[in-house]
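Notes follow the structure.
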Number of protein chains: 2
Amino acid sequence: MTDKIFPTAQDAEAAFYEALERGDYQTMAAVWAEDEDVLCVHPGGPRLRGTDEVLAQWKRIFEGGQRLQVRITQQVVIAGMMVAVHSVQENIVIEGEGPAPHAVVATNVYQRIGPGWRMVAHHASPVPAPAAPPPAENRLPGSATLH
Amino acid sequence: MTDKIFPTAQDAEAAFYEALERGDYQTMAAVWAEDEDVLCVHPGGPRLRGTDEVLAQWKRIFEGGQRLQVRITQQVVIAGMMVAVHSVQENIVIEGEGPAPHAVVATNVYQRIGPGWRMVAHHASPVPAPAAPPPAENRLPGSATLH
């Protein structure tokens with residue numbers, strides 16, 4: 001499942017979001033590195049660790065059958081020789097819902113492994129609606145200020 | 001404010017969490033790289049971009065006077081020559097609240113700049129309580145499945 005080579009981190013990122021839109025598990029599995037320390041945080045979720053746990057969750061999500069359209073904006077790249085970090089906003093439209101996208105901020109980490117690049121971490125969290133009061137960004141829902 | 005040199009990414013991370021606990025703005029400002037593309041996502045918050053915006057928010061948080069105790073667990077390090085990513089769980093106890101910590105997952109990105117390492121991205125999001133129903137990790141609060 002992992003014969004695919006992504007020559008750049010950007011190629012791996014493009015494949016990741018194509019897999020997400022299409023619900024394509026094989027491509028998703030090819031994008032992720034195989035390691036017990038890969039990490040994935042879905043919006044509002046806990047941290048999943050290790051390729052097995054991360055891919056099992058993607059499989060469950062894709063089997064749920066929800067189709068998404070994802071438009072990526074505001075990409076910022078932090079590029080090293082072996083490790084690259086891409087921060088993006090995911091604008092997600094859910095099939096069967098209205099056209100207003102859900103905004104999610106994602107930190108995607110890629111590592112060069114042999115001849116290609118693979119995803120080693122994906123951390124996504126919902127962006128609050130602009131109408132939210134300003135202090136909201138420092139609070140847990142219904143809780144005290146964190147940071 | 002930025003004469004301090006952090007010889008390793010781990011040193012920068014230790015200073016970051018010390019600054020967070022102490023409400024120490026000068027140290028926080030020394031930890032962050034000076035660049036229009038540094039990024040900070042507070043738990044439940046939007047993505048802040050650029051040193052000015054990021055530090056202004058830390059200043060507001062520290063001026064709020066809330067004191068925190070932060071215990072870091074479950075660190076995973078993805079280390080490159082110039083870019084390093086540390087994923088951690090922050091266990092945050094808020095002064096004046098009960099002893100049960102709030103759990104936050106954070107992805108911290110450091111870059112080697114000249115002789116030292118600086119933080120270039122911090123992405124934090126609340127970890128849901130274990131009692132939450134399993135599908136919650138794929139949903140926005142009150143919304144449909146995202147990913």
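Going by the structure tokens order, chains are called A, B, ..., each with residues numbered from 1, while ligands are numbered from 1 in the order shown.
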Members of chain A assigned strand (DSSP E or B) by DSSP, as a ChimeraX atom specification: /A:32,39-41,47-49,68-79,83-94,102-113,116-126,139,145
Distance filter 6 Å, only C-alpha atoms, chain A against chain B, as an MDAnalysis selection string: chainID A and resid 44:46 80 82:83 127 137
Separation of CA of Thr51 in chain B from CA of Pro7 in chain B, in Å and rounded to one decimal: 20.7 Å
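Distance-wise, CA of Tyr17 in chain B and CA of Thr73 in chain B end up 12.3 Å apart.
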DSSP alpha helix (DSSP H) residues within chain B, as an MDAnalysis selection string: chainID B and resid 9:22 25:31 51:63
Close residues, Glu18 in chain B itself excluded, 10 Å, only C-alpha atoms, min 6 positions apart in chain, as a PyMOL selection string: chain B and resi 12+24+27-28+69-70
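For the pair CA of Met119 in chain A and CA of Asp11 in chain B, the separation is 25.7 Å.
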Pick from A:Pro101, A:Glu63, A:Trp117, A:Glu95 nearest to Ala15 in chain A, counting only C-alpha atoms: A:Trp117
